[in-house]
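Contents: one structure, followed by commentary.
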Amino acid sequence: VTPECYEDHQARDYRGFVNATASGIPCQRWTAVQPHDSHFSPAKFAHRGIGDHNYCRAPGVYSYCAWCYTLNPGVEWDCCDVGPPVDHCVWSPSPPPPPSSPPASPPPVPSPAPPPPSPTPPIPPIHLGDAECYTDFQARDYRGKQNTSARGFTCQRWTMQTPHKHPYAPSRYGFAGIGDHNYCRAVGSFCAWCFTDHAGKPEWDCCDVGKPSDVCIILGLDAEQPPASALKPTSVSSLVALSAPVLLLLAVIIHVRPRLWRWMSGSPARVPATEQPPAAAHSASTVVTLASSCPRASPGSEPMNML
């Protein structure tokens with residue numbers, strides 16, 4: 001196992017040899033006081049890996065990344081890219097030196113029995129519907145609602161430019177979760193952080209958003225909820241617009257229902273009087289004409305012989 005291996009998600013147990021920040025600036029030695037005065041002396045922080053070197057470490061209580069003071073006078077400190085943590089680091093001891101004279105060959109030892117099969121690895125935990133859940137070890141996929149830094153400072157809204165001016169506009173960094181809120185996000189850094197709502201220093205600070213998870217299943221908690229006014233009609237025109245499709249459907253049902261019922265029951269369609277066949281109308285008029293042309297018998301006379 002290489003010295004670059006570490007387990008803590010905040011890299012507090014990192015003892016590797018990276019000596020440049022993530023942006024490429026060389027690190028200042030921890031025992032130096034120029035260009036930046038270091039508050040982490042080897043006498044007090046040797047247990048955190050601080051010594052007469054310039055390797056990245058995470059010595060502070062509120063350190064959420066392996067970092068170092070830089071040799072750039074304009075950048076006091078910055079995080080380092082030391083890779084992701086691992087579940088378990090195994091440190092192999094150094095092999096013993098070879099003996100001066102080869103010892104006598106030991107008697108042959110029977111081959112040991114094969115080890116039992118390793119148990120099935122446990123299924124990683126799955127977090128359902130937890131907006132605070134994230135998987136990236138640098139919290140770049142964190143979309144929770146933590147809005148206080150690790151040192152207790154309230155976060156400044158990303159859409160505000162006071163008390164600290166910054167270039168992280170939602171129009172450019174919406175993909176990183178930046179919006180009209182003051183929640184901690186890992187944009188351009190190696191921890192979830194925010195600008196502080198504090199006019200002095202610190203200008204920004206990391207946030208304690210917990211440990212990353214193996215698997216996250218977010219159940220629709222990332223979607224922005226529509227405002228309540230968008231779900232309720234606020235005027236008569238809104239009511240008409242919402243009820244127009246229903247009224248149109250009712251009108252179609254009322255118009256089609258009688259014809260549909262006659263078609264299903266097999267009844268003939270009713271024909272209006274104005275649509276009678278011309279032949280039937282002509283026969284009826286002929287009967288009326290013949291009846292009116294027949295002579296009428298006077299009262300008391302004998303019946304007329306028509307033959």
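Residues in the structure tokens are numbered from 1 in each chain, the chains being A, B, ... in the order shown, and ligands are numbered from 1 in the order shown.
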
Write out as a list in words the residues lying within 12 Å of Cys89 in chain A, counting only C-alpha atoms and excluding same-chain residues fewer than 2 positions away.
Val1, Thr2, Pro3, Glu4, Cys5, Tyr6, Glu7, Asp8, Asp13, Tyr14, Arg15, Pro85, Val86, Asp87, Trp91 and Ser92 of chain A

Requested write-out: N, CA, C and O atoms of the selected residues, as a tab-separated table (two decimals), in the first residue's frame:
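Full text of selection00.tsv as output:
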```tsv
chain	number	residue	atom	x	y	z
A	1	VAL	N	0.85	-1.18	0.00
A	1	VAL	CA	0.00	0.00	0.00
A	1	VAL	C	0.89	1.24	0.00
A	1	VAL	O	1.84	1.34	0.78
A	2	THR	N	0.58	2.20	-0.86
A	2	THR	CA	1.38	3.42	-0.96
A	2	THR	C	1.01	4.39	0.16
A	2	THR	O	-0.09	4.32	0.72
A	3	PRO	N	1.90	5.33	0.50
A	3	PRO	CA	1.57	6.33	1.53
A	3	PRO	C	0.42	7.25	1.12
A	3	PRO	O	-0.08	8.00	1.96
A	4	GLU	N	0.03	7.22	-0.16
A	4	GLU	CA	-1.06	8.09	-0.60
A	4	GLU	C	-2.42	7.56	-0.14
A	4	GLU	O	-3.44	8.22	-0.32
A	5	CYS	N	-2.46	6.36	0.44
A	5	CYS	CA	-3.73	5.77	0.87
A	5	CYS	C	-4.20	6.45	2.15
A	5	CYS	O	-3.43	6.72	3.07
A	6	TYR	N	-5.50	6.74	2.20
A	6	TYR	CA	-6.10	7.27	3.42
A	6	TYR	C	-7.57	6.87	3.45
A	6	TYR	O	-8.15	6.51	2.43
A	7	GLU	N	-8.18	6.91	4.64
A	7	GLU	CA	-9.54	6.42	4.83
A	7	GLU	C	-10.54	7.52	5.17
A	7	GLU	O	-11.70	7.45	4.79
A	8	ASP	N	-10.12	8.52	5.92
A	8	ASP	CA	-11.04	9.57	6.38
A	8	ASP	C	-11.51	10.41	5.20
A	8	ASP	O	-10.71	10.81	4.35
A	13	ASP	N	-6.23	11.65	7.88
A	13	ASP	CA	-5.19	10.63	8.05
A	13	ASP	C	-4.30	10.54	6.81
A	13	ASP	O	-3.56	9.57	6.66
A	14	TYR	N	-4.35	11.53	5.93
A	14	TYR	CA	-3.49	11.51	4.74
A	14	TYR	C	-2.04	11.80	5.14
A	14	TYR	O	-1.77	12.80	5.81
A	15	ARG	N	-1.12	10.93	4.71
A	15	ARG	CA	0.30	11.12	5.00
A	15	ARG	C	1.12	10.97	3.72
A	15	ARG	O	2.26	10.52	3.76
A	85	PRO	N	-10.75	8.75	-0.85
A	85	PRO	CA	-10.37	7.83	0.23
A	85	PRO	C	-10.73	6.39	-0.14
A	85	PRO	O	-11.48	6.14	-1.09
A	86	VAL	N	-10.22	5.46	0.61
A	86	VAL	CA	-10.52	4.04	0.42
A	86	VAL	C	-11.15	3.51	1.69
A	86	VAL	O	-11.13	4.15	2.74
A	87	ASP	N	-11.75	2.33	1.57
A	87	ASP	CA	-12.42	1.75	2.74
A	87	ASP	C	-11.43	1.29	3.80
A	87	ASP	O	-11.68	1.44	4.99
A	91	TRP	N	-1.10	-1.34	5.90
A	91	TRP	CA	0.29	-0.93	5.83
A	91	TRP	C	1.17	-2.15	6.06
A	91	TRP	O	1.18	-2.75	7.13
A	92	SER	N	1.92	-2.55	5.03
A	92	SER	CA	2.79	-3.73	5.13
A	92	SER	C	4.11	-3.33	5.77
A	92	SER	O	4.71	-2.31	5.40
```

Looking at A:Val33, A:Leu250, A:Ala22, A:Cys155, which one is nearest to Asp197 in chain A, with distances taken over only C-alpha atoms?
A:Cys155

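For the set A:Ala11, A:Ala66, A:Leu71, A:Ala43, the residue with the smallest atom-to-atom gap to Cys27 in chain A is A:Leu71, counting only C-alpha atoms.
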
Quick one: residues within 9 Å of Asp208 in chain A, only C-alpha atoms, excluding same-chain residues fewer than 5 positions away - as a count of residues only?
9

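With CA of Ser23 in chain A on one side and CA of Ala176 in chain A on the other, the separation reads 18.7 Å.
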
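The space between CA of Gly60 in chain A and CA of Lys44 in chain A spans 11.2 Å.
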
Using only C-alpha atoms, determine which residues lie at most 8 Å from Arg12 in chain A, disregarding the query and same-chain residues fewer than 4 positions distant; provide the list as a PyMOL selection string.
chain A and resi 8+48+57-59+63+65-66

Please produce a file of the residues just selected, as a PDB file, in the first residue's frame, where the atoms kept are C-alpha atoms.
```
ATOM      1  CA  ASP A   8     -11.038   9.568   6.377  1.00  0.00           C
ATOM      2  CA  ARG A  48      -1.703  15.390  12.264  1.00  0.00           C
ATOM      3  CA  ARG A  57      -2.229  17.831   5.335  1.00  0.00           C
ATOM      4  CA  ALA A  58      -5.590  18.352   7.084  1.00  0.00           C
ATOM      5  CA  PRO A  59      -4.470  19.431  10.577  1.00  0.00           C
ATOM      6  CA  SER A  63     -10.269  21.135   7.831  1.00  0.00           C
ATOM      7  CA  CYS A  65      -9.647  18.683   2.725  1.00  0.00           C
ATOM      8  CA  ALA A  66      -5.912  18.116   2.606  1.00  0.00           C
TER       9      ALA A  66
END
```

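As for CA of Thr21 in chain A and CA of Asp78 in chain A, they are spaced 5.9 Å apart.
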
Let me make sure I understand: among A:Pro202, A:Gln156, A:Thr162, A:Thr196, which one has the smallest atom-to-atom distance to Asn182 in chain A if we use only C-alpha atoms?
A:Gln156

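Closest approach to Phe195 in chain A among A:Arg140, A:His36, A:Arg157, A:Lys145 is made by A:Arg157 (distances from only C-alpha atoms).
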
With only C-alpha atoms as the atoms that count, which of A:Pro35, A:Gly83, A:Pro212, A:Gly74 lies nearest to Gly16 in chain A?
A:Gly83

Please identify which residues in range 151-231 of chain A DSSP calls alpha helix (DSSP H) from the backbone, and express them as a short mmCIF file (atom, residue, chain, number, x, y, z; two decimals) with C-alpha atoms, in the first residue's frame.
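Output (result20.cif):
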```cif
data_model
loop_
_atom_site.label_atom_id
_atom_site.label_comp_id
_atom_site.auth_asym_id
_atom_site.auth_seq_id
_atom_site.Cartn_x
_atom_site.Cartn_y
_atom_site.Cartn_z
CA PRO A 170 -26.64 30.65 -11.26
CA SER A 171 -26.71 31.24 -15.03
CA ARG A 172 -23.15 29.91 -15.33
CA TYR A 173 -22.96 27.40 -12.47
#
```

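Across A:Asn19, A:Phe45, A:Tyr168, A:Trp77, the tightest approach to Val61 in chain A is made by A:Phe45 when counting only C-alpha atoms.
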